[in-house]
$ cat start-v5.pdb   # PDB, C-alpha atoms
ATOM      1  CA  MET A   8    -122.044 282.479  97.749
ATOM      2  CA  GLU A   9    -119.778 279.814  99.251
ATOM      3  CA  LEU A  10    -116.682 281.932  99.957
ATOM      4  CA  SER A  11    -114.388 278.900 100.289
ATOM      5  CA  LEU A  12    -114.509 278.665  96.486
ATOM      6  CA  LEU A  13    -112.584 281.938  96.267
ATOM      7  CA  ARG A  14    -109.841 280.659  98.572
ATOM      8  CA  ALA A  15    -108.958 277.704  96.360
ATOM      9  CA  GLN A  16    -105.302 277.499  95.273
ATOM     10  CA  ALA A  17    -106.031 278.143  91.604
ATOM     11  CA  HIS A  18    -106.385 281.025  89.171
ATOM     12  CA  SER A  19    -110.087 281.160  89.904
ATOM     13  CA  PRO A  20    -113.015 278.787  90.398
ATOM     14  CA  SER A  21    -114.966 277.927  87.271
ATOM     15  CA  TYR A  22    -118.064 279.953  86.489
ATOM     16  CA  PHE A  23    -120.151 276.811  86.959
ATOM     17  CA  SER A  24    -118.708 276.304  90.451
ATOM     18  CA  LEU A  25    -119.683 279.867  91.285
ATOM     19  CA  MET A  26    -123.189 279.242  89.937
ATOM     20  CA  ARG A  27    -123.590 276.128  92.085
ATOM     21  CA  GLY A  28    -122.426 278.105  95.120
ATOM     22  CA  SER A  29    -124.898 280.913  94.444
ATOM     23  CA  VAL A  30    -128.190 279.000  94.384
ATOM     24  CA  GLY A  31    -131.066 281.386  95.087
ATOM     25  CA  GLU A  32    -128.860 284.456  94.665
ATOM     26  CA  ARG A  33    -128.123 286.816  91.802
ATOM     27  CA  ALA A  34    -125.828 285.268  89.198
ATOM     28  CA  PRO A  35    -122.152 286.107  89.887
ATOM     29  CA  VAL A  36    -120.045 288.378  87.689
ATOM     30  CA  ASP A  37    -116.549 286.997  87.061
ATOM     31  CA  PHE A  38    -113.948 289.759  86.628
ATOM     32  CA  CYS A  39    -110.979 287.366  86.857
ATOM     33  CA  ILE A  40    -111.121 285.663  83.471
ATOM     34  CA  PRO A  41    -111.308 288.014  80.461
ATOM     35  CA  CYS A  42    -114.344 287.211  78.349
ATOM     36  CA  ASN A  43    -115.465 288.615  75.014
ATOM     37  CA  PRO A  44    -119.145 289.632  75.368
ATOM     38  CA  TYR A  45    -119.525 289.903  71.577
ATOM     39  CA  PHE A  46    -118.570 286.326  70.736
ATOM     40  CA  PRO A  47    -119.929 283.843  69.812
ATOM     41  CA  THR A  48    -122.382 285.719  67.620
ATOM     42  CA  PRO A  49    -126.089 284.736  67.429
ATOM     43  CA  ASP A  50    -125.431 283.079  64.041
ATOM     44  CA  ILE A  51    -122.689 280.914  65.555
ATOM     45  CA  PHE A  52    -124.943 279.901  68.461
ATOM     46  CA  GLU A  53    -127.641 278.951  65.949
ATOM     47  CA  HIS A  54    -125.133 276.867  63.965
ATOM     48  CA  LEU A  55    -123.920 275.138  67.138
ATOM     49  CA  GLY A  56    -127.489 274.403  68.173
ATOM     50  CA  ARG A  57    -128.320 272.785  64.833
ATOM     51  CA  ASN A  58    -125.246 270.568  65.081
ATOM     52  CA  LEU A  59    -125.255 269.889  68.830
ATOM     53  CA  GLU A  60    -125.675 266.105  68.523
ATOM     54  CA  THR A  61    -122.754 265.784  66.100
ATOM     55  CA  ILE A  62    -120.568 268.106  68.218
ATOM     56  CA  LEU A  63    -121.171 266.051  71.365
ATOM     57  CA  LYS A  64    -120.841 262.601  69.784
ATOM     58  CA  PHE A  65    -117.733 262.930  67.643
ATOM     59  CA  TYR A  66    -114.177 264.144  68.110
ATOM     60  CA  PRO A  67    -113.497 267.661  66.801
ATOM     61  CA  SER A  68    -111.069 268.308  63.971
ATOM     62  CA  ASP A  69    -107.411 268.093  64.937
ATOM     63  CA  ALA A  70    -105.228 271.180  65.360
ATOM     64  CA  GLY A  71    -103.705 270.778  61.898
ATOM     65  CA  THR A  72    -107.075 270.829  60.177
ATOM     66  CA  ILE A  73    -108.263 273.838  62.183
ATOM     67  CA  THR A  74    -105.009 275.660  61.417
ATOM     68  CA  GLU A  75    -105.396 275.050  57.675
ATOM     69  CA  GLU A  76    -108.970 276.350  57.738
ATOM     70  CA  LEU A  77    -107.933 279.443  59.692
ATOM     71  CA  CYS A  78    -104.973 280.155  57.424
ATOM     72  CA  ALA A  79    -107.131 279.797  54.315
ATOM     73  CA  THR A  80    -109.409 282.490  55.744
ATOM     74  CA  LEU A  81    -106.587 284.828  56.805
ATOM     75  CA  GLY A  82    -104.351 284.257  53.784
ATOM     76  CA  LEU A  83    -101.463 282.823  55.818
ATOM     77  CA  HIS A  84     -99.186 279.830  55.307
ATOM     78  CA  PRO A  85    -100.075 277.056  57.816
ATOM     79  CA  LYS A  86     -96.419 276.622  58.784
ATOM     80  CA  THR A  87     -96.359 280.193  60.112
ATOM     81  CA  VAL A  88     -99.169 279.575  62.614
ATOM     82  CA  ALA A  89     -99.147 277.583  65.868
ATOM     83  CA  MET A  90    -102.544 276.573  67.228
ATOM     84  CA  GLY A  91    -102.983 276.535  71.013
ATOM     85  CA  ASN A  92    -105.683 276.300  73.658
ATOM     86  CA  GLY A  93    -105.487 279.934  74.686
ATOM     87  CA  SER A  94    -102.589 282.272  75.352
ATOM     88  CA  THR A  95    -101.443 280.500  78.522
ATOM     89  CA  GLU A  96    -100.640 277.306  76.610
ATOM     90  CA  LEU A  97     -98.789 279.285  73.929
ATOM     91  CA  ILE A  98     -96.776 281.168  76.567
ATOM     92  CA  THR A  99     -95.819 277.832  78.150
ATOM     93  CA  TRP A 100     -94.603 276.502  74.776
ATOM     94  CA  ILE A 101     -92.639 279.670  74.094
ATOM     95  CA  ASP A 102     -90.961 279.504  77.491
ATOM     96  CA  HIS A 103     -90.020 275.825  77.221
ATOM     97  CA  LEU A 104     -88.915 275.888  73.582
ATOM     98  CA  LEU A 105     -87.572 279.368  72.871
ATOM     99  CA  VAL A 106     -86.558 281.163  76.075
ATOM    100  CA  ARG A 107     -83.130 279.922  77.103
ATOM    101  CA  GLU A 108     -81.879 282.183  79.874
ATOM    102  CA  SER A 109     -83.573 285.563  80.347
ATOM    103  CA  LEU A 110     -86.667 287.516  79.417
ATOM    104  CA  ALA A 111     -87.464 291.242  79.732
ATOM    105  CA  VAL A 112     -91.056 292.385  80.185
ATOM    106  CA  PRO A 113     -92.722 295.650  81.214
ATOM    107  CA  ILE A 114     -94.861 295.384  84.347
ATOM    108  CA  PRO A 115     -97.684 295.432  85.237
ATOM    109  CA  THR A 116     -98.748 293.057  82.487
ATOM    110  CA  PHE A 117    -100.355 289.636  82.001
ATOM    111  CA  GLY A 118     -98.951 287.549  84.860
ATOM    112  CA  ARG A 119     -98.042 284.446  82.861
ATOM    113  CA  TRP A 120     -95.298 286.375  81.049
ATOM    114  CA  THR A 121     -93.467 286.704  84.362
ATOM    115  CA  ASP A 122     -94.693 283.661  86.291
ATOM    116  CA  GLN A 123     -94.090 281.036  83.600
ATOM    117  CA  PRO A 124     -90.358 281.689  82.986
ATOM    118  CA  LEU A 125     -89.758 282.134  86.714
ATOM    119  CA  GLU A 126     -91.244 278.667  87.276
ATOM    120  CA  THR A 127     -88.703 277.162  84.877
ATOM    121  CA  GLY A 128     -85.714 278.950  86.400
ATOM    122  CA  LYS A 129     -85.250 281.743  83.857
ATOM    123  CA  ARG A 130     -84.170 285.241  84.839
ATOM    124  CA  VAL A 131     -87.055 287.684  84.382
ATOM    125  CA  ASP A 132     -85.996 291.320  83.982
ATOM    126  CA  MET A 133     -89.032 293.381  84.985
ATOM    127  CA  TYR A 134     -89.211 296.893  83.587
ATOM    128  CA  PRO A 135     -91.595 298.971  85.767
ATOM    129  CA  LEU A 136     -94.101 301.142  83.936
ATOM    130  CA  GLN A 137     -94.544 304.440  85.787
ATOM    131  CA  GLU A 138     -97.923 305.501  87.110
ATOM    132  CA  SER A 139     -96.809 309.126  86.657
ATOM    133  CA  ARG A 140     -96.688 308.432  82.882
ATOM    134  CA  ASN A 141    -100.068 306.669  82.970
ATOM    135  CA  PHE A 142     -98.185 303.364  82.592
ATOM    136  CA  ALA A 143     -97.171 304.270  79.016
ATOM    137  CA  LEU A 144     -94.209 302.336  77.611
ATOM    138  CA  ASP A 145     -91.165 304.458  76.744
ATOM    139  CA  VAL A 146     -89.679 302.405  73.899
ATOM    140  CA  ASP A 147     -86.175 303.890  73.987
ATOM    141  CA  ASP A 148     -85.941 303.517  77.757
ATOM    142  CA  PHE A 149     -87.158 299.913  77.530
ATOM    143  CA  VAL A 150     -84.480 299.190  74.921
ATOM    144  CA  SER A 151     -81.838 300.765  77.187
ATOM    145  CA  PHE A 152     -83.079 298.633  80.080
ATOM    146  CA  ILE A 153     -82.763 295.474  77.963
ATOM    147  CA  ARG A 154     -79.213 296.419  76.953
ATOM    148  CA  MET A 155     -78.256 297.141  80.556
ATOM    149  CA  ARG A 156     -79.669 293.837  81.806
ATOM    150  CA  GLY A 157     -78.430 291.776  78.863
ATOM    151  CA  SER A 158     -81.860 290.214  78.312
ATOM    152  CA  ARG A 159     -82.033 287.760  75.417
ATOM    153  CA  VAL A 160     -85.819 287.764  74.945
ATOM    154  CA  ALA A 161     -88.250 290.708  75.113
ATOM    155  CA  VAL A 162     -92.039 290.712  75.468
ATOM    156  CA  ILE A 163     -94.682 293.407  75.230
ATOM    157  CA  CYS A 164     -98.459 293.043  75.416
ATOM    158  CA  ASN A 165    -100.162 295.416  73.005
ATOM    159  CA  PRO A 166    -102.677 296.508  74.141
ATOM    160  CA  ASN A 167    -101.363 295.838  77.602
ATOM    161  CA  ASN A 168    -103.229 293.836  80.215
ATOM    162  CA  PRO A 169    -104.441 295.137  82.696
ATOM    163  CA  ASP A 170    -104.113 298.882  81.973
ATOM    164  CA  GLY A 171    -105.041 298.859  78.265
ATOM    165  CA  GLY A 172    -101.971 300.863  77.245
ATOM    166  CA  TYR A 173    -101.461 300.810  73.483
ATOM    167  CA  LEU A 174     -98.255 301.249  71.496
ATOM    168  CA  PRO A 175     -98.906 302.576  67.956
ATOM    169  CA  LYS A 176     -97.869 300.363  65.083
ATOM    170  CA  HIS A 177     -94.923 302.546  64.022
ATOM    171  CA  GLN A 178     -93.490 302.337  67.546
ATOM    172  CA  VAL A 179     -93.896 298.552  67.613
ATOM    173  CA  LEU A 180     -91.961 298.277  64.349
ATOM    174  CA  TYR A 181     -89.318 300.663  65.719
ATOM    175  CA  LEU A 182     -88.978 298.469  68.832
ATOM    176  CA  LEU A 183     -88.536 295.359  66.675
ATOM    177  CA  ASP A 184     -85.848 297.094  64.628
ATOM    178  CA  GLN A 185     -83.977 298.145  67.763
ATOM    179  CA  LEU A 186     -84.037 294.608  69.195
ATOM    180  CA  ILE A 187     -83.326 292.668  66.019
ATOM    181  CA  ASP A 188     -80.231 291.058  67.579
ATOM    182  CA  LEU A 189     -82.165 289.348  70.414
ATOM    183  CA  ASP A 190     -83.019 285.652  70.397
ATOM    184  CA  LEU A 191     -86.723 286.462  70.302
ATOM    185  CA  VAL A 192     -89.099 289.424  70.467
ATOM    186  CA  ILE A 193     -92.742 288.697  71.239
ATOM    187  CA  VAL A 194     -95.688 291.030  70.669
ATOM    188  CA  ASP A 195     -98.721 289.615  72.445
ATOM    189  CA  GLU A 196    -101.829 291.017  70.720
ATOM    190  CA  SER A 197    -104.396 288.944  72.603
ATOM    191  CA  PHE A 198    -106.679 291.989  72.950
ATOM    192  CA  GLY A 199    -105.855 293.465  69.556
ATOM    193  CA  GLU A 200    -109.391 293.030  68.277
ATOM    194  CA  PHE A 201    -110.548 295.774  70.628
ATOM    195  CA  VAL A 202    -108.126 298.405  69.301
ATOM    196  CA  ASP A 203    -109.671 301.350  67.466
ATOM    197  CA  ALA A 204    -106.809 303.840  67.877
ATOM    198  CA  GLU A 205    -105.689 303.403  64.253
ATOM    199  CA  PRO A 206    -107.143 301.708  61.159
ATOM    200  CA  TYR A 207    -104.731 298.772  60.964
ATOM    201  CA  PRO A 208    -103.170 298.130  64.385
ATOM    202  CA  GLY A 209    -100.639 295.406  65.002
ATOM    203  CA  GLY A 210     -97.171 294.753  63.674
ATOM    204  CA  TRP A 211     -98.194 292.508  60.760
ATOM    205  CA  PRO A 212    -100.368 292.823  57.652
ATOM    206  CA  ARG A 213    -103.033 290.632  59.246
ATOM    207  CA  ARG A 214    -103.818 290.120  62.883
ATOM    208  CA  ARG A 215    -102.034 287.497  64.971
ATOM    209  CA  ARG A 216    -102.628 286.455  68.542
ATOM    210  CA  CYS A 217     -98.899 286.367  69.118
ATOM    211  CA  GLY A 218     -96.071 287.553  66.911
ATOM    212  CA  ARG A 219     -92.321 287.051  66.859
ATOM    213  CA  THR A 220     -89.320 288.199  64.900
TER
END
$ encode --input "start-v5.pdb" --output "structure tokens"
Amino acid sequence: MELSLLRAQAHSPSYFSLMRGSVGERAPVDFCIPCNPYFPTPDIFEHLGRNLETILKFYPSDAGTITEELCATLGLHPKTVAMGNGSTELITWIDHLLVRESLAVPIPTFGRWTDQPLETGKRVDMYPLQESRNFALDVDDFVSFIRMRGSRVAVICNPNNPDGGYLPKHQVLYLLDQLIDLDLVIVDESFGEFVDAEPYPGGWPRRRRCGRT
């Protein structure tokens, strides 16, 4: 493999760049970008194959149309859902539009929750998860930390990235109740589909990629 690809000043090279740099070698395995090995399903691939010419020739539906279709399936009102190109774009919107001065977040966690607000001059109050506790989040201690720091926005990833730590639904709801006076509380459930710790995980009746109070 051409190792200069890995020294590029970016999150990671594209998989196709890695493939081109690995001609004649075993295909690379990319551990940097999280991928869902169970999606798309074979039926979806078959559908895409049948409609490949149309997909390539014409513009896709706009975000509003896709949102309406999704909400019809999930039983949600379209005005309660924001469509984005992945969590990084949504985090950028949240930071620019809704985070005014400070944000508290347990670490380690998904890096954009710390990097993005730092890039726009916000104060990021980082609450360290302890290895001695297997990186489990102590809700009451996190609340005390937020009060001490005076943070106006709080974020948790549930399950957390990268350690997979999971906060049960009743504790998430308790956290939201304790922080009801903040400007914003965000529960990032980007990996919620992989949770099997309880029948109906998540803080809402149906699953969201991101939630707020």
$ resolve_selection --input "start-v5.pdb" --expression "the PyMOL selection byres ((chain A and resi 85) around 10)" --output "ChimeraX atom specification"
/A:71-79,82-84,86-90
$ axis_aligned_box --input "start-v5.pdb" --around "range 193-201 of chain A" --padding-each-side "3 Å" --output "AutoDock Vina command-line options"
--center_x -101.6 --center_y 292.2 --center_z 70.6 --size_x 23.8 --size_y 13.1 --size_z 10.7
$ closest_atom_pairs --input "start-v5.pdb" --of "range 41-139 of chain A" --to "range 143-157 of chain A" --cutoff "12 Å" --atoms "only C-alpha atoms" --output "tab-separated table"
residue	atom	partner	partner_atom	distance
A:Glu108	CA	A:Gly157	CA	10.2
A:Ser109	CA	A:Gly157	CA	8.2
A:Leu110	CA	A:Ile153	CA	9.0
A:Ala111	CA	A:Ile153	CA	6.6
A:Val112	CA	A:Phe149	CA	8.9
A:Pro113	CA	A:Leu144	CA	7.7
A:Ile114	CA	A:Leu144	CA	9.7
A:Pro115	CA	A:Ala143	CA	10.8
A:Thr116	CA	A:Leu144	CA	11.4
A:Arg130	CA	A:Arg156	CA	10.2
A:Val131	CA	A:Arg156	CA	10.0
A:Asp132	CA	A:Arg156	CA	7.1
A:Met133	CA	A:Phe152	CA	9.3
A:Tyr134	CA	A:Phe149	CA	7.1
A:Pro135	CA	A:Leu144	CA	9.2
A:Leu136	CA	A:Leu144	CA	6.4
A:Gln137	CA	A:Ala143	CA	7.3
A:Glu138	CA	A:Ala143	CA	8.2
A:Ser139	CA	A:Ala143	CA	9.1
$ residues_around --input "start-v5.pdb" --residues "range 160-167 of chain A" --least-positions-apart "5" --cutoff "7 Å" --atoms "all atoms listed in the file" --output "ChimeraX atom specification"
/A:106,109-113,116,172-174,189-196,198-199
$ atom_distance --input "start-v5.pdb" --atom1 "CA of Ser94 in chain A" --atom2 "CA of Leu183 in chain A"
21.1 Å
$ resolve_selection --input "start-v5.pdb" --expression "the PyMOL selection byres ((chain A and resi 98) around 12)" --output "VMD selection string"
chain A and resid 89 to 97 99 to 106 117 to 124 162 193 to 195 197 216 to 218
$ closest_residue --input "start-v5.pdb" --among "A:Lys176, A:Asn141, A:Pro169, A:Ile51" --to "Glu205 in chain A" --atoms "only C-alpha atoms"
A:Lys176
$ atom_distance --input "start-v5.pdb" --atom1 "CA of Thr80 in chain A" --atom2 "CA of Asp184 in chain A"
29.1 Å
$ atom_distance --input "start-v5.pdb" --atom1 "CA of Tyr207 in chain A" --atom2 "CA of Asn168 in chain A"
19.9 Å
$ decode --input "start-v5.pdb" --residues "range 129-142 of chain A" --atoms "all heavy atoms" --output "tab-separated table (two decimals), in the first residue's frame"
chain	number	residue	atom	x	y	z
A	129	LYS	N	-16.21	28.01	20.94
A	129	LYS	CA	-17.00	27.72	22.13
A	129	LYS	C	-16.11	27.10	23.21
A	129	LYS	O	-15.07	26.53	22.92
A	129	LYS	CB	-18.15	26.75	21.81
A	129	LYS	CG	-18.92	27.06	20.53
A	129	LYS	CD	-19.73	28.31	20.64
A	129	LYS	CE	-20.34	28.74	19.32
A	129	LYS	NZ	-20.89	27.70	18.47
A	130	ARG	N	-16.56	27.21	24.46
A	130	ARG	CA	-15.87	26.53	25.55
A	130	ARG	C	-16.41	25.11	25.65
A	130	ARG	O	-17.62	24.90	25.75
A	130	ARG	CB	-16.10	27.26	26.87
A	130	ARG	CG	-15.20	26.76	28.01
A	130	ARG	CD	-15.56	27.37	29.34
A	130	ARG	NE	-16.69	26.71	29.96
A	130	ARG	CZ	-17.74	27.33	30.48
A	130	ARG	NH1	-17.83	28.64	30.44
A	130	ARG	NH2	-18.72	26.64	31.04
A	131	VAL	N	-15.51	24.12	25.61
A	131	VAL	CA	-15.91	22.73	25.70
A	131	VAL	C	-15.46	22.18	27.05
A	131	VAL	O	-14.26	22.11	27.34
A	131	VAL	CB	-15.31	21.89	24.55
A	131	VAL	CG1	-15.72	20.42	24.70
A	131	VAL	CG2	-15.78	22.43	23.20
A	132	ASP	N	-16.42	21.82	27.89
A	132	ASP	CA	-16.15	21.28	29.21
A	132	ASP	C	-16.12	19.76	29.11
A	132	ASP	O	-17.17	19.12	28.94
A	132	ASP	CB	-17.22	21.73	30.20
A	132	ASP	CG	-17.28	23.26	30.32
A	132	ASP	OD1	-16.22	23.90	30.23
A	132	ASP	OD2	-18.40	23.79	30.48
A	133	MET	N	-14.92	19.19	29.18
A	133	MET	CA	-14.74	17.76	28.96
A	133	MET	C	-14.76	17.01	30.29
A	133	MET	O	-13.92	17.26	31.16
A	133	MET	CB	-13.44	17.50	28.21
A	133	MET	CG	-13.36	18.21	26.87
A	133	MET	SD	-11.86	17.77	25.95
A	133	MET	CE	-11.86	19.07	24.70
A	134	TYR	N	-15.71	16.11	30.41
A	134	TYR	CA	-15.87	15.31	31.62
A	134	TYR	C	-15.21	13.95	31.39
A	134	TYR	O	-15.70	13.15	30.58
A	134	TYR	CB	-17.36	15.14	31.93
A	134	TYR	CG	-17.67	14.19	33.05
A	134	TYR	CD1	-17.56	14.60	34.38
A	134	TYR	CD2	-18.08	12.88	32.79
A	134	TYR	CE1	-17.86	13.73	35.43
A	134	TYR	CE2	-18.37	12.01	33.82
A	134	TYR	CZ	-18.25	12.43	35.13
A	134	TYR	OH	-18.54	11.57	36.16
A	135	PRO	N	-14.09	13.65	32.07
A	135	PRO	CA	-13.36	12.41	31.78
A	135	PRO	C	-14.03	11.17	32.36
A	135	PRO	O	-14.31	11.10	33.56
A	135	PRO	CB	-11.99	12.66	32.44
A	135	PRO	CG	-12.26	13.64	33.53
A	135	PRO	CD	-13.39	14.51	33.05
A	136	LEU	N	-14.33	10.23	31.51
A	136	LEU	CA	-14.81	8.92	31.95
A	136	LEU	C	-13.63	8.12	32.49
A	136	LEU	O	-12.56	8.11	31.87
A	136	LEU	CB	-15.48	8.18	30.80
A	136	LEU	CG	-16.70	8.87	30.17
A	136	LEU	CD1	-17.16	8.13	28.93
A	136	LEU	CD2	-17.83	8.99	31.19
A	137	GLN	N	-13.81	7.43	33.60
A	137	GLN	CA	-12.70	6.76	34.27
A	137	GLN	C	-12.54	5.31	33.79
A	137	GLN	O	-13.50	4.54	33.76
A	137	GLN	CB	-12.94	6.77	35.78
A	137	GLN	CG	-13.09	8.16	36.37
A	137	GLN	CD	-11.86	9.02	36.13
A	137	GLN	OE1	-10.73	8.56	36.29
A	137	GLN	NE2	-12.08	10.28	35.77
A	138	GLU	N	-11.31	4.98	33.43
A	138	GLU	CA	-11.02	3.61	33.02
A	138	GLU	C	-11.31	2.63	34.16
A	138	GLU	O	-11.74	1.50	33.93
A	138	GLU	CB	-9.57	3.49	32.57
A	138	GLU	CG	-9.21	2.12	32.02
A	138	GLU	CD	-7.79	2.05	31.51
A	138	GLU	OE1	-7.05	3.05	31.61
A	138	GLU	OE2	-7.41	0.96	31.02
A	139	SER	N	-11.08	3.08	35.40
A	139	SER	CA	-11.32	2.21	36.56
A	139	SER	C	-12.78	1.82	36.70
A	139	SER	O	-13.12	0.82	37.34
A	139	SER	CB	-10.84	2.91	37.85
A	139	SER	OG	-11.56	4.12	38.05
A	140	ARG	N	-13.68	2.62	36.09
A	140	ARG	CA	-15.13	2.31	36.10
A	140	ARG	C	-15.57	1.77	34.74
A	140	ARG	O	-16.75	1.80	34.41
A	140	ARG	CB	-15.94	3.56	36.44
A	140	ARG	CG	-15.66	4.12	37.83
A	140	ARG	CD	-16.65	5.22	38.21
A	140	ARG	NE	-17.99	4.68	38.42
A	140	ARG	CZ	-19.02	4.88	37.61
A	140	ARG	NH1	-18.87	5.60	36.50
A	140	ARG	NH2	-20.21	4.37	37.90
A	141	ASN	N	-14.59	1.30	33.97
A	141	ASN	CA	-14.87	0.76	32.63
A	141	ASN	C	-15.54	1.81	31.74
A	141	ASN	O	-16.37	1.49	30.90
A	141	ASN	CB	-15.75	-0.50	32.73
A	141	ASN	CG	-15.68	-1.35	31.47
A	141	ASN	OD1	-14.67	-1.35	30.76
A	141	ASN	ND2	-16.75	-2.07	31.18
A	142	PHE	N	-15.16	3.08	31.97
A	142	PHE	CA	-15.64	4.21	31.19
A	142	PHE	C	-17.16	4.41	31.29
A	142	PHE	O	-17.77	5.03	30.43
A	142	PHE	CB	-15.22	4.10	29.72
A	142	PHE	CG	-13.74	4.05	29.53
A	142	PHE	CD1	-13.09	2.86	29.25
A	142	PHE	CD2	-12.97	5.20	29.65
A	142	PHE	CE1	-11.72	2.81	29.09
A	142	PHE	CE2	-11.59	5.17	29.49
A	142	PHE	CZ	-10.96	3.97	29.21
